>>> print(open('data-v7.cif').read())   # mmCIF, C-alpha atoms
data_my_file
loop_
_atom_site.label_atom_id
_atom_site.label_comp_id
_atom_site.auth_asym_id
_atom_site.auth_seq_id
_atom_site.Cartn_x
_atom_site.Cartn_y
_atom_site.Cartn_z
CA MET A 1 -13.92 8.34 0.54
CA ILE A 2 -12.18 5.91 2.75
CA ALA A 3 -14.35 3.11 1.59
CA SER A 4 -14.66 3.35 -2.15
CA HIS A 5 -18.13 3.70 -3.56
CA ARG A 6 -17.68 0.31 -5.06
CA GLY A 7 -16.96 -1.08 -1.62
CA ARG A 8 -19.88 0.52 0.06
CA LEU A 9 -22.70 -0.65 -2.12
CA PRO A 10 -22.33 -4.36 -1.43
CA MET A 11 -22.04 -3.56 2.24
CA LEU A 12 -25.39 -1.84 2.13
CA ALA A 13 -26.85 -4.71 0.21
CA VAL A 14 -25.69 -7.10 2.88
CA ALA A 15 -27.07 -4.80 5.50
CA ALA A 16 -30.43 -4.63 3.78
CA LEU A 17 -30.58 -8.38 3.42
CA ALA A 18 -29.69 -9.00 7.03
CA ALA A 19 -32.17 -6.38 8.09
CA SER A 20 -34.97 -8.01 6.20
CA LEU A 21 -34.10 -11.28 7.91
CA ALA A 22 -34.03 -9.62 11.30
CA GLY A 23 -37.02 -7.46 10.48
CA CYS A 24 -39.19 -8.32 13.44
CA ALA A 25 -36.47 -8.18 16.06
CA ALA A 26 -37.12 -4.70 17.39
CA ALA A 27 -40.13 -2.44 17.35
CA PRO A 28 -39.00 0.52 15.26
CA SER A 29 -39.63 3.96 16.70
CA ARG A 30 -41.18 6.87 14.88
CA ASP A 31 -37.81 8.51 14.31
CA ASP A 32 -36.12 5.34 13.17
CA PRO A 33 -38.46 3.13 11.12
CA PHE A 34 -35.46 1.39 9.55
CA GLU A 35 -33.87 0.56 12.87
CA PRO A 36 -33.19 -3.11 12.08
CA MET A 37 -31.35 -2.16 8.90
CA ASN A 38 -29.60 0.73 10.58
CA ARG A 39 -28.37 -1.53 13.34
CA VAL A 40 -26.80 -3.81 10.79
CA SER A 41 -25.18 -0.79 9.17
CA TYR A 42 -23.93 0.24 12.57
CA SER A 43 -22.35 -3.16 13.13
CA VAL A 44 -20.67 -2.98 9.74
CA HIS A 45 -19.49 0.50 10.58
CA GLU A 46 -18.01 -0.66 13.87
CA VAL A 47 -15.96 -3.32 12.11
CA VAL A 48 -14.76 -1.15 9.24
CA ASP A 49 -14.09 1.85 11.44
CA GLY A 50 -12.45 -0.09 14.23
CA HIS A 51 -10.16 -2.12 11.99
CA PHE A 52 -9.23 0.33 9.26
CA VAL A 53 -10.37 3.91 9.68
CA LYS A 54 -9.73 4.54 13.33
CA PRO A 55 -6.18 3.12 13.48
CA MET A 56 -5.23 5.26 10.49
CA VAL A 57 -6.80 8.37 11.99
CA GLN A 58 -5.15 7.69 15.33
CA ALA A 59 -1.79 7.46 13.58
CA TYR A 60 -2.50 10.77 11.88
CA VAL A 61 -3.21 12.37 15.26
CA ASP A 62 -0.16 10.77 16.90
CA TYR A 63 2.37 11.64 14.22
CA THR A 64 1.16 14.95 12.85
CA PRO A 65 2.20 18.06 14.80
CA ARG A 66 -0.71 19.88 16.33
CA PRO A 67 -0.24 23.17 14.42
CA ILE A 68 -0.41 21.29 11.13
CA ARG A 69 -3.57 19.46 12.16
CA GLN A 70 -5.05 22.76 13.29
CA ALA A 71 -4.26 24.36 9.92
CA ILE A 72 -5.87 21.43 8.12
CA SER A 73 -8.99 21.70 10.28
CA ASN A 74 -9.09 25.44 9.64
CA PHE A 75 -8.91 24.88 5.90
CA PHE A 76 -11.96 22.63 5.88
CA ASN A 77 -13.79 24.77 8.43
CA ASN A 78 -13.39 27.64 5.98
CA ILE A 79 -15.29 25.61 3.40
CA ASP A 80 -17.93 24.93 6.05
CA ASP A 81 -18.24 28.68 6.51
CA LEU A 82 -18.74 29.14 2.78
CA PHE A 83 -21.65 26.70 2.85
CA SER A 84 -22.90 28.30 6.02
CA PHE A 85 -23.05 31.60 4.14
CA VAL A 86 -25.02 30.02 1.28
CA ASN A 87 -27.49 28.58 3.75
CA ASP A 88 -27.75 31.80 5.75
CA VAL A 89 -28.91 33.40 2.50
CA LEU A 90 -31.32 30.56 1.72
CA GLN A 91 -32.83 31.04 5.18
CA GLY A 92 -32.96 34.83 4.91
CA LYS A 93 -30.65 35.51 7.84
CA PRO A 94 -28.70 38.62 6.83
CA ASP A 95 -26.74 39.02 10.06
CA LYS A 96 -25.40 35.50 9.99
CA ALA A 97 -24.77 35.77 6.25
CA GLY A 98 -22.68 38.87 6.83
CA ASN A 99 -20.64 37.16 9.51
CA ASP A 100 -20.03 34.01 7.52
CA LEU A 101 -19.16 35.88 4.35
CA GLY A 102 -16.81 38.08 6.36
CA ARG A 103 -15.20 34.98 7.83
CA VAL A 104 -14.65 33.40 4.43
CA ILE A 105 -13.20 36.57 2.94
CA ALA A 106 -10.91 37.19 5.92
CA ASN A 107 -9.72 33.62 6.24
CA THR A 108 -9.33 32.94 2.53
CA GLY A 109 -7.65 36.24 1.77
CA PHE A 110 -5.58 36.95 4.83
CA GLY A 111 -5.52 33.49 6.36
CA ILE A 112 -3.78 31.77 3.43
CA LEU A 113 -6.75 29.97 1.86
CA GLY A 114 -8.24 29.31 5.27
CA LEU A 115 -5.24 27.69 6.90
CA ILE A 116 -5.28 30.37 9.59
CA ASP A 117 -8.58 31.19 11.27
CA ILE A 118 -8.03 34.87 11.82
CA ALA A 119 -11.79 35.53 11.77
CA SER A 120 -12.27 33.62 15.02
CA ASP A 121 -9.39 35.50 16.58
CA ALA A 122 -11.18 38.67 15.53
CA GLY A 123 -14.33 37.42 17.23
CA ILE A 124 -16.53 36.92 14.16
CA PRO A 125 -18.96 34.11 15.11
CA LYS A 126 -19.46 31.07 12.89
CA GLY A 127 -22.95 30.51 11.53
CA HIS A 128 -22.92 26.70 11.47
CA GLU A 129 -25.65 26.42 8.86
CA ASP A 130 -25.96 23.64 6.30
CA PHE A 131 -28.45 22.38 3.71
CA GLY A 132 -30.15 19.99 6.12
CA GLN A 133 -30.83 22.88 8.49
CA THR A 134 -32.16 24.99 5.64
CA PHE A 135 -34.63 22.24 4.76
CA GLY A 136 -35.63 22.13 8.42
CA PHE A 137 -36.00 25.90 8.50
CA TRP A 138 -38.31 25.61 5.50
CA GLY A 139 -40.44 23.18 7.47
CA ILE A 140 -39.32 19.91 5.93
CA PRO A 141 -39.23 17.17 8.60
CA GLN A 142 -36.18 15.02 9.25
CA GLY A 143 -37.61 11.91 7.69
CA PRO A 144 -36.31 8.51 8.76
CA TYR A 145 -33.05 8.28 10.67
CA LEU A 146 -30.25 6.54 8.81
CA PHE A 147 -26.95 5.13 9.95
CA ILE A 148 -24.53 4.86 7.05
CA PRO A 149 -21.35 2.83 7.52
CA VAL A 150 -18.27 5.07 7.63
CA PHE A 151 -20.38 8.20 7.14
CA GLY A 152 -22.20 7.95 10.45
CA PRO A 153 -25.62 9.13 11.62
CA THR A 154 -27.88 11.16 9.37
CA THR A 155 -31.49 11.34 8.21
CA VAL A 156 -33.15 11.41 4.83
CA ARG A 157 -33.36 15.20 5.02
CA ASP A 158 -29.82 15.83 6.28
CA GLY A 159 -28.36 13.16 4.03
CA THR A 160 -29.94 14.87 1.03
CA GLY A 161 -28.24 18.05 2.16
CA TRP A 162 -24.88 16.29 2.25
CA ILE A 163 -25.36 14.91 -1.23
CA ILE A 164 -26.05 18.42 -2.54
CA ARG A 165 -22.96 19.63 -0.80
CA GLY A 166 -20.89 16.76 -2.13
CA PHE A 167 -21.74 17.83 -5.66
CA THR A 168 -21.09 21.52 -5.09
CA THR A 169 -18.13 21.74 -2.73
CA PRO A 170 -15.14 23.66 -4.10
CA THR A 171 -12.81 20.75 -3.45
CA GLY A 172 -14.86 18.81 -6.00
CA TYR A 173 -13.63 21.15 -8.71
CA ILE A 174 -9.94 20.45 -8.24
CA PRO A 175 -9.00 19.43 -11.81
CA ASP A 176 -6.18 17.09 -10.84
CA VAL A 177 -7.94 13.88 -9.84
CA PRO A 178 -5.24 12.37 -7.62
CA LEU A 179 -4.89 15.68 -5.78
CA ARG A 180 -8.66 15.91 -5.41
CA ASN A 181 -8.75 12.44 -3.92
CA VAL A 182 -6.02 13.34 -1.47
CA VAL A 183 -7.87 16.46 -0.38
CA TRP A 184 -11.09 14.53 0.14
CA GLY A 185 -9.23 11.84 2.02
CA VAL A 186 -7.60 14.38 4.31
CA ALA A 187 -10.99 15.99 4.87
CA ALA A 188 -12.37 12.64 5.98
CA VAL A 189 -9.43 11.98 8.29
CA ASP A 190 -9.70 15.46 9.78
CA LEU A 191 -13.37 14.94 10.54
CA ARG A 192 -12.90 11.51 11.99
CA ALA A 193 -10.06 12.79 14.16
CA SER A 194 -12.31 15.47 15.58
CA ALA A 195 -14.70 12.76 16.74
CA LEU A 196 -12.18 10.61 18.59
CA ASP A 197 -12.69 12.23 21.99
CA ALA A 198 -16.41 12.24 21.59
CA GLU A 199 -16.40 8.62 20.66
CA SER A 200 -14.64 7.52 23.82
CA MET A 201 -17.17 9.56 25.78
CA VAL A 202 -20.05 7.80 24.07
CA ASN A 203 -18.52 4.43 24.75
CA GLN A 204 -18.19 5.27 28.42
CA ALA A 205 -21.61 6.88 28.77
CA ALA A 206 -23.88 4.69 26.68
CA LEU A 207 -25.63 1.47 27.59
CA ASP A 208 -26.30 1.02 23.90
CA PRO A 209 -24.15 3.30 21.73
CA TYR A 210 -26.51 2.99 18.75
CA THR A 211 -29.42 4.40 20.76
CA PHE A 212 -27.24 7.00 22.41
CA ILE A 213 -25.81 8.31 19.14
CA ARG A 214 -29.24 8.40 17.52
CA ARG A 215 -30.84 10.53 20.21
CA ALA A 216 -27.80 12.78 20.47
CA TYR A 217 -27.78 13.29 16.70
CA LEU A 218 -31.49 14.10 16.51
CA GLN A 219 -31.32 16.45 19.49
CA ARG A 220 -28.31 18.20 18.07
CA ARG A 221 -29.90 18.72 14.68
CA GLU A 222 -33.14 20.03 16.19
CA TYR A 223 -31.07 22.46 18.23
CA LEU A 224 -29.15 23.65 15.18
CA VAL A 225 -32.24 24.09 13.00
CA HIS A 226 -33.64 26.42 15.67
CA ASP A 227 -30.33 28.24 16.11
CA GLY A 228 -29.90 27.11 19.67
CA ALA A 229 -33.45 27.70 20.88
CA PRO A 230 -35.43 24.53 20.06
CA PRO A 231 -39.04 24.27 21.23
CA PRO A 232 -39.32 22.34 24.50
CA PRO A 233 -39.43 18.57 23.91
CA LYS A 234 -42.76 16.82 24.24
CA GLU A 235 -42.95 14.91 27.48
CA ASP A 236 -44.67 11.69 26.60
CA ASP A 237 -44.40 10.31 30.09
CA GLU A 238 -46.71 12.86 31.67
CA MET B 1 -15.63 16.18 2.40
CA THR B 2 -19.04 14.95 3.30
CA ILE B 3 -17.90 11.71 4.75
CA PHE B 4 -17.81 11.82 8.50
CA ARG B 5 -19.27 15.24 8.57
CA SER B 6 -22.12 14.05 10.59
CA MET B 7 -19.67 12.67 13.09
CA SER B 8 -19.78 16.21 14.36
CA ALA B 9 -23.05 15.19 15.90
CA VAL B 10 -21.27 12.40 17.65
CA ARG B 11 -18.73 14.92 18.75
CA ALA B 12 -21.45 17.06 20.21
CA CYS B 13 -22.96 14.21 22.05
CA ALA B 14 -19.68 13.19 23.40
CA ALA B 15 -19.18 16.65 24.49
CA LEU B 16 -21.43 15.10 27.02
CA GLY B 17 -18.06 14.26 28.28
CA ALA B 18 -17.21 17.83 28.66
CA LEU B 19 -20.59 18.11 30.10
CA LEU B 20 -19.96 17.30 33.55
CA LEU B 21 -17.41 19.95 33.96
CA ALA B 22 -19.37 22.11 36.25
CA LEU B 23 -20.28 19.16 38.29
CA PHE B 24 -17.24 19.53 40.43
CA ALA B 25 -16.88 20.73 43.95
CA LEU B 26 -19.79 22.25 45.64
CA PRO B 27 -19.44 22.69 49.36
CA ALA B 28 -22.99 23.70 50.04
CA VAL B 29 -23.50 27.28 51.01
CA ALA B 30 -27.05 28.07 51.90
CA GLN B 31 -28.74 30.63 49.67
CA GLU B 32 -25.90 30.79 47.20
CA ALA B 33 -27.32 32.00 43.92
CA PRO B 34 -27.33 29.32 41.20
CA ASP B 35 -25.03 31.20 38.86
CA ALA B 36 -22.56 31.88 41.63
CA LEU B 37 -22.77 28.22 42.61
CA VAL B 38 -22.04 26.91 39.12
CA LYS B 39 -19.23 29.37 38.68
CA ARG B 40 -17.57 28.57 41.96
CA VAL B 41 -17.89 24.81 41.63
CA SER B 42 -16.67 24.67 38.05
CA GLN B 43 -13.76 27.00 38.76
CA GLU B 44 -12.74 24.93 41.74
CA ALA B 45 -12.99 21.84 39.59
CA LEU B 46 -10.77 23.28 36.89
CA GLN B 47 -8.34 24.42 39.53
CA VAL B 48 -8.10 20.95 41.04
CA ILE B 49 -7.67 19.34 37.63
CA LYS B 50 -4.80 21.62 36.84
CA THR B 51 -2.99 21.38 40.16
CA ASP B 52 -3.71 18.08 41.90
CA PRO B 53 -0.60 15.91 41.45
CA LYS B 54 -2.52 12.64 41.52
CA VAL B 55 -4.94 13.87 38.88
CA GLN B 56 -2.03 15.05 36.78
CA ALA B 57 -0.50 11.61 37.10
CA GLY B 58 -3.67 10.05 35.75
CA ASP B 59 -4.89 8.52 39.01
CA GLN B 60 -8.47 7.60 38.07
CA ALA B 61 -9.47 6.66 41.61
CA ARG B 62 -8.48 10.13 42.74
CA VAL B 63 -10.44 11.73 39.91
CA ARG B 64 -13.55 9.78 40.85
CA GLU B 65 -13.11 10.61 44.51
CA LEU B 66 -12.98 14.31 43.68
CA ILE B 67 -16.09 14.10 41.55
CA GLU B 68 -17.85 12.07 44.21
CA THR B 69 -17.15 14.47 47.03
CA LYS B 70 -17.09 17.81 45.29
CA LEU B 71 -19.41 17.60 42.37
CA ALA B 72 -22.00 14.89 42.80
CA PRO B 73 -23.64 16.53 45.85
CA HIS B 74 -24.75 19.37 43.62
CA PHE B 75 -26.75 17.16 41.35
CA ASP B 76 -30.26 15.98 42.09
CA VAL B 77 -29.60 12.43 40.98
CA ASP B 78 -33.00 11.17 42.15
CA ARG B 79 -34.72 13.66 39.92
CA MET B 80 -32.42 12.90 37.00
CA THR B 81 -33.19 9.23 37.42
CA ALA B 82 -36.92 9.89 37.58
CA LEU B 83 -36.80 12.00 34.42
CA ALA B 84 -34.67 9.51 32.53
CA ALA B 85 -36.64 6.44 33.55
CA GLY B 86 -40.06 8.11 33.19
CA ARG B 87 -43.04 5.81 33.66
CA ALA B 88 -40.89 2.91 34.76
CA TYR B 89 -39.56 4.94 37.66
CA ARG B 90 -42.99 5.74 38.98
CA SER B 91 -43.97 2.10 39.06
CA ALA B 92 -40.68 0.97 40.62
CA THR B 93 -40.39 -0.09 44.25
CA PRO B 94 -38.43 2.13 46.66
CA GLU B 95 -35.60 -0.40 46.62
CA GLN B 96 -35.50 -0.37 42.81
CA LYS B 97 -35.53 3.41 42.77
CA LYS B 98 -32.58 3.49 45.11
CA GLN B 99 -30.61 0.97 43.06
CA LEU B 100 -31.41 2.82 39.84
CA ALA B 101 -30.28 6.15 41.25
CA ASP B 102 -27.11 4.62 42.73
CA GLN B 103 -26.12 2.96 39.48
CA PHE B 104 -27.00 5.98 37.37
CA ARG B 105 -24.93 8.13 39.70
CA THR B 106 -21.96 5.80 39.37
CA LEU B 107 -22.26 5.82 35.59
CA LEU B 108 -22.36 9.61 35.49
CA ILE B 109 -19.32 9.86 37.72
CA ARG B 110 -17.36 7.41 35.59
CA THR B 111 -18.37 9.24 32.44
CA TYR B 112 -17.37 12.53 33.91
CA SER B 113 -13.98 11.26 34.94
CA THR B 114 -13.41 10.14 31.35
CA ALA B 115 -14.40 13.60 30.19
CA LEU B 116 -12.03 15.28 32.59
CA ASN B 117 -9.11 13.44 31.07
CA GLN B 118 -9.92 14.93 27.69
CA TYR B 119 -10.85 18.48 28.45
CA ARG B 120 -8.05 19.87 30.52
CA ASP B 121 -7.21 22.94 28.53
CA GLN B 122 -10.64 24.48 28.62
CA THR B 123 -11.96 27.67 30.09
CA ILE B 124 -15.59 28.48 30.85
CA ASP B 125 -17.61 31.58 30.00
CA TYR B 126 -20.65 32.22 32.15
CA LYS B 127 -23.72 33.88 30.69
CA PRO B 128 -25.95 36.10 32.80
CA VAL B 129 -28.96 34.30 34.23
CA ARG B 130 -32.26 35.74 33.09
CA ALA B 131 -34.85 34.79 35.69
CA ASP B 132 -37.07 36.31 38.34
CA PRO B 133 -35.46 36.59 41.75
CA GLY B 134 -38.18 34.28 43.06
CA ALA B 135 -37.71 31.64 40.37
CA THR B 136 -37.22 28.06 41.54
CA ASP B 137 -36.23 26.58 38.18
CA ILE B 138 -33.63 28.18 35.95
CA THR B 139 -31.23 27.43 33.14
CA MET B 140 -27.65 28.42 33.76
CA ARG B 141 -25.87 28.98 30.45
CA THR B 142 -22.16 28.55 30.02
CA GLU B 143 -19.79 28.09 27.13
CA VAL B 144 -16.78 25.82 27.20
CA VAL B 145 -13.93 27.33 25.24
CA ARG B 146 -11.02 25.30 23.96
CA PRO B 147 -8.09 26.71 22.00
CA GLY B 148 -8.57 26.46 18.25
CA GLN B 149 -12.05 25.00 18.49
CA THR B 150 -15.61 26.21 18.31
CA PRO B 151 -16.96 26.93 21.81
CA VAL B 152 -19.41 24.34 23.11
CA PRO B 153 -22.52 25.69 24.84
CA MET B 154 -23.17 23.86 28.10
CA ASP B 155 -26.35 24.62 29.99
CA TYR B 156 -27.46 23.42 33.40
CA SER B 157 -31.11 23.01 34.31
CA MET B 158 -31.31 23.80 37.99
CA THR B 159 -33.99 23.67 40.60
CA LYS B 160 -34.20 25.03 44.12
CA THR B 161 -34.50 22.22 46.62
CA SER B 162 -35.25 23.19 50.21
CA ASP B 163 -32.50 25.77 50.45
CA GLU B 164 -29.89 24.95 47.87
CA TRP B 165 -29.82 24.84 44.10
CA LYS B 166 -29.17 21.54 42.39
CA ALA B 167 -28.69 20.65 38.76
CA TYR B 168 -30.97 18.03 37.22
CA ASP B 169 -29.87 18.13 33.60
CA VAL B 170 -26.88 19.13 31.55
CA ILE B 171 -27.39 20.18 27.95
CA VAL B 172 -24.26 20.12 25.81
CA GLY B 173 -24.52 21.73 22.41
CA GLY B 174 -28.26 21.12 22.48
CA VAL B 175 -27.95 17.51 23.60
CA SER B 176 -29.72 16.92 26.90
CA LEU B 177 -28.14 14.24 29.00
CA VAL B 178 -31.45 13.25 30.57
CA THR B 179 -33.26 13.09 27.23
CA ASN B 180 -30.49 10.94 25.83
CA TYR B 181 -30.70 8.51 28.70
CA ARG B 182 -34.48 8.40 28.45
CA ASP B 183 -34.21 6.51 25.15
CA GLU B 184 -31.62 4.19 26.57
CA PHE B 185 -33.60 3.47 29.73
CA THR B 186 -36.83 2.94 27.81
CA ARG B 187 -35.12 0.37 25.65
CA GLU B 188 -33.72 -1.54 28.61
CA VAL B 189 -37.03 -1.47 30.45
CA GLN B 190 -38.85 -2.82 27.41
CA ALA B 191 -36.37 -5.67 27.17
CA GLY B 192 -36.07 -6.63 30.83
CA GLY B 193 -38.21 -4.44 33.06
CA VAL B 194 -36.83 -2.20 35.77
CA ASP B 195 -34.65 -5.01 37.08
CA GLY B 196 -33.22 -5.46 33.59
CA LEU B 197 -32.32 -1.78 33.48
CA ILE B 198 -30.66 -2.04 36.90
CA ARG B 199 -28.70 -5.09 35.71
CA SER B 200 -27.55 -3.32 32.56
CA LEU B 201 -26.40 -0.28 34.50
CA THR B 202 -24.63 -2.44 37.05
CA ALA B 203 -22.86 -4.39 34.32
CA LYS B 204 -21.90 -1.14 32.58
CA ASN B 205 -20.38 0.06 35.83
CA GLY B 206 -18.24 -3.04 36.01
CA GLY B 207 -20.02 -5.12 38.61
CA GLY B 208 -21.87 -4.61 41.85
CA ALA B 209 -20.13 -1.59 43.28
CA THR B 210 -22.83 0.95 43.95
CA LYS B 211 -20.80 3.50 45.80
#
>>> encode(input="data-v7.cif", output="structure tokens")
Amino acid sequence: MIASHRGRLPMLAVAALAASLAGCAAAPSRDDPFEPMNRVSYSVHEVVDGHFVKPMVQAYVDYTPRPIRQAISNFFNNIDDLFSFVNDVLQGKPDKAGNDLGRVIANTGFGILGLIDIASDAGIPKGHEDFGQTFGFWGIPQGPYLFIPVFGPTTVRDGTGWIIRGFTTPTGYIPDVPLRNVVWGVAAVDLRASALDAESMVNQAALDPYTFIRRAYLQRREYLVHDGAPPPPKEDDE
Amino acid sequence: MTIFRSMSAVRACAALGALLLALFALPAVAQEAPDALVKRVSQEALQVIKTDPKVQAGDQARVRELIETKLAPHFDVDRMTALAAGRAYRSATPEQKKQLADQFRTLLIRTYSTALNQYRDQTIDYKPVRADPGATDITMRTEVVRPGQTPVPMDYSMTKTSDEWKAYDVIVGGVSLVTNYRDEFTREVQAGGVDGLIRSLTAKNGGGATK
């Protein structure tokens, strides 16, 4: 949303071209067969994010009162809960489905369209499910890792999940186009803002942020697919 | 809506920042149970963060000193280094092993001090430890709670060394610190051998200081 679709396609084309030129530079790993291309995307992302997105998001954080930002986050988290409910059902998890549906009803009805997260105050746990996790639950592997400029880390499987969500999310049905664009823009800013702290941690912790983010993403997704109890990792160093 | 959503993964991994929370203060008490140890050390850490005037004033040297003296002793940094460096560690010379562990330790301390600056308003829930009384390797589960945000699970893998428990991994929201560094270390070793990894870590830490 921040980069227009028109803007992003040429970027990817450039990335693909550069990747093909740099094709032999690094031995791709099993998880990341497109690493050379992804690294170019990452570089593009760093430039676009650092020069345009991040300064804007930082201004949003600096000049918007905390309660308002919290309400905005709550609003979009409520939509997350709705999709979590859908995916609880797709995975046949009735307990989580009940919780997430209860959250959506409580927060939408009594929390002013989700602006107030009264369900959390009442101790109803969030399910945190999404389409990518449902595919994983069904046994579909991650597929190649992808780094998309502005969007961030994903995989073929998880990215497919996000595309499905993009076409079905309630905010996509707002009839007034300018308003819809504003809502999607705010959603993007809200998400990026939530990653600011994490980002400075990564920059401090990582020798190579690309590698660090990739492993963190893949570990995190594996953990989520298994609802917090992933099988022990294979030790390939004996 | 979808844009940036996967940044939540980045958020989780940066919660690595939050990670080190329990790392603080552990005056060693022989035979202290691992859950009691984690609880005491992390509570003392939070207490210091909230009350120490120099920390409040943003004195980074003071923050690092606190981590160094109170928290680091409760981590088995040699084991963390061995796990993260894998095969390369086993073939390294004793001098290389020492340099690796020193630099890794410094990096973890610096990372933790960054995290502390960002996670001041948190509280920690401790989950009961499910393990045999005679166990020598356990996972201590905690949850970091911040107002208005989803709690972040933070688990400590701990092992009993001679007579005290030490942590050798921190797993934040499913992201293992050691596993994450394994990829990084492997990459550096492939590019420049063990010495290349040591150089990269040293450069990351801002020069030769190996304190």
>>> axis_aligned_box(input="data-v7.cif", around="stretch 180-196 of chain B", padding_each_side="8 Å", output="JSON")
{"center_x": -34.7, "center_y": 2.2, "center_z": 31.1, "size_x": 24.4, "size_y": 33.6, "size_z": 27.9}
>>> resolve_selection(input="data-v7.cif", expression="the PyMOL selection byres ((chain A and resi 58-74) around 8)", output="VMD selection string")
(chain A and resid 54 to 57 75 to 78 114 to 117 189 to 190 193) or (chain B and resid 148)
>>> closest_residue(input="data-v7.cif", among="B:Arg130, B:Arg62, B:Arg199, B:Lys54", to="B:Arg110", atoms="only C-alpha atoms")
B:Arg62
>>> closest_atom_pairs(input="data-v7.cif", of="chain A", to="chain B", cutoff="7 Å", atoms="only C-alpha atoms", output="JSON lines")
{"residue": "A:Met1", "atom": "CA", "partner": "B:Ile3", "partner_atom": "CA", "distance": 6.7}
{"residue": "A:Val150", "atom": "CA", "partner": "B:Phe4", "partner_atom": "CA", "distance": 6.8}
{"residue": "A:Phe151", "atom": "CA", "partner": "B:Phe4", "partner_atom": "CA", "distance": 4.6}
{"residue": "A:Gly152", "atom": "CA", "partner": "B:Met7", "partner_atom": "CA", "distance": 6.0}
{"residue": "A:Pro153", "atom": "CA", "partner": "B:Ser6", "partner_atom": "CA", "distance": 6.1}
{"residue": "A:Thr154", "atom": "CA", "partner": "B:Ser6", "partner_atom": "CA", "distance": 6.6}
{"residue": "A:Trp162", "atom": "CA", "partner": "B:Thr2", "partner_atom": "CA", "distance": 6.1}
{"residue": "A:Gly166", "atom": "CA", "partner": "B:Thr2", "partner_atom": "CA", "distance": 6.0}
{"residue": "A:Trp184", "atom": "CA", "partner": "B:Met1", "partner_atom": "CA", "distance": 5.3}
{"residue": "A:Ala187", "atom": "CA", "partner": "B:Met1", "partner_atom": "CA", "distance": 5.3}
{"residue": "A:Ala188", "atom": "CA", "partner": "B:Ile3", "partner_atom": "CA", "distance": 5.7}
{"residue": "A:Leu191", "atom": "CA", "partner": "B:Phe4", "partner_atom": "CA", "distance": 5.8}
{"residue": "A:Arg192", "atom": "CA", "partner": "B:Phe4", "partner_atom": "CA", "distance": 6.0}
{"residue": "A:Ala195", "atom": "CA", "partner": "B:Arg11", "partner_atom": "CA", "distance": 5.0}
{"residue": "A:Asp197", "atom": "CA", "partner": "B:Gln118", "partner_atom": "CA", "distance": 6.9}
{"residue": "A:Ala198", "atom": "CA", "partner": "B:Ala14", "partner_atom": "CA", "distance": 3.9}
{"residue": "A:Glu199", "atom": "CA", "partner": "B:Ala14", "partner_atom": "CA", "distance": 6.3}
{"residue": "A:Met201", "atom": "CA", "partner": "B:Ala14", "partner_atom": "CA", "distance": 5.0}
{"residue": "A:Val202", "atom": "CA", "partner": "B:Ala14", "partner_atom": "CA", "distance": 5.4}
{"residue": "A:Gln204", "atom": "CA", "partner": "B:Thr111", "partner_atom": "CA", "distance": 5.7}
{"residue": "A:Ala205", "atom": "CA", "partner": "B:Thr111", "partner_atom": "CA", "distance": 5.4}
{"residue": "A:Leu207", "atom": "CA", "partner": "B:Glu184", "partner_atom": "CA", "distance": 6.7}
{"residue": "A:Asp208", "atom": "CA", "partner": "B:Glu184", "partner_atom": "CA", "distance": 6.7}
{"residue": "A:Thr211", "atom": "CA", "partner": "B:Glu184", "partner_atom": "CA", "distance": 6.2}
{"residue": "A:Phe212", "atom": "CA", "partner": "B:Asn180", "partner_atom": "CA", "distance": 6.1}
{"residue": "A:Ile213", "atom": "CA", "partner": "B:Val10", "partner_atom": "CA", "distance": 6.3}
{"residue": "A:Arg215", "atom": "CA", "partner": "B:Asn180", "partner_atom": "CA", "distance": 5.6}
{"residue": "A:Ala216", "atom": "CA", "partner": "B:Cys13", "partner_atom": "CA", "distance": 5.3}
{"residue": "A:Tyr217", "atom": "CA", "partner": "B:Ala9", "partner_atom": "CA", "distance": 5.2}
{"residue": "A:Gln219", "atom": "CA", "partner": "B:Val175", "partner_atom": "CA", "distance": 5.4}
{"residue": "A:Arg220", "atom": "CA", "partner": "B:Gly174", "partner_atom": "CA", "distance": 5.3}
{"residue": "A:Tyr223", "atom": "CA", "partner": "B:Gly174", "partner_atom": "CA", "distance": 5.3}
{"residue": "A:Gly228", "atom": "CA", "partner": "B:Gly174", "partner_atom": "CA", "distance": 6.8}
{"residue": "A:Asp237", "atom": "CA", "partner": "B:Gly86", "partner_atom": "CA", "distance": 5.8}
>>> residues_near_point(input="data-v7.cif", point="(-12.9, 34.7, 17.3)", cutoff="10 Å", atoms="only C-alpha atoms", output="ChimeraX atom specification")
/A:103,117-126 /B:148-151
>>> write_last_selection(input="data-v7.cif", atoms="C-alpha atoms", output="PDB file, in the frame of the given file")
ATOM      1  CA  ARG A 103     -15.200  34.980   7.830  1.00  0.00           C
ATOM      2  CA  ASP A 117      -8.580  31.190  11.270  1.00  0.00           C
ATOM      3  CA  ILE A 118      -8.030  34.870  11.820  1.00  0.00           C
ATOM      4  CA  ALA A 119     -11.790  35.530  11.770  1.00  0.00           C
ATOM      5  CA  SER A 120     -12.270  33.620  15.020  1.00  0.00           C
ATOM      6  CA  ASP A 121      -9.390  35.500  16.580  1.00  0.00           C
ATOM      7  CA  ALA A 122     -11.180  38.670  15.530  1.00  0.00           C
ATOM      8  CA  GLY A 123     -14.330  37.420  17.230  1.00  0.00           C
ATOM      9  CA  ILE A 124     -16.530  36.920  14.160  1.00  0.00           C
ATOM     10  CA  PRO A 125     -18.960  34.110  15.110  1.00  0.00           C
ATOM     11  CA  LYS A 126     -19.460  31.070  12.890  1.00  0.00           C
TER      12      LYS A 126
ATOM     13  CA  GLY B 148      -8.570  26.460  18.250  1.00  0.00           C
ATOM     14  CA  GLN B 149     -12.050  25.000  18.490  1.00  0.00           C
ATOM     15  CA  THR B 150     -15.610  26.210  18.310  1.00  0.00           C
ATOM     16  CA  PRO B 151     -16.960  26.930  21.810  1.00  0.00           C
TER      17      PRO B 151
END
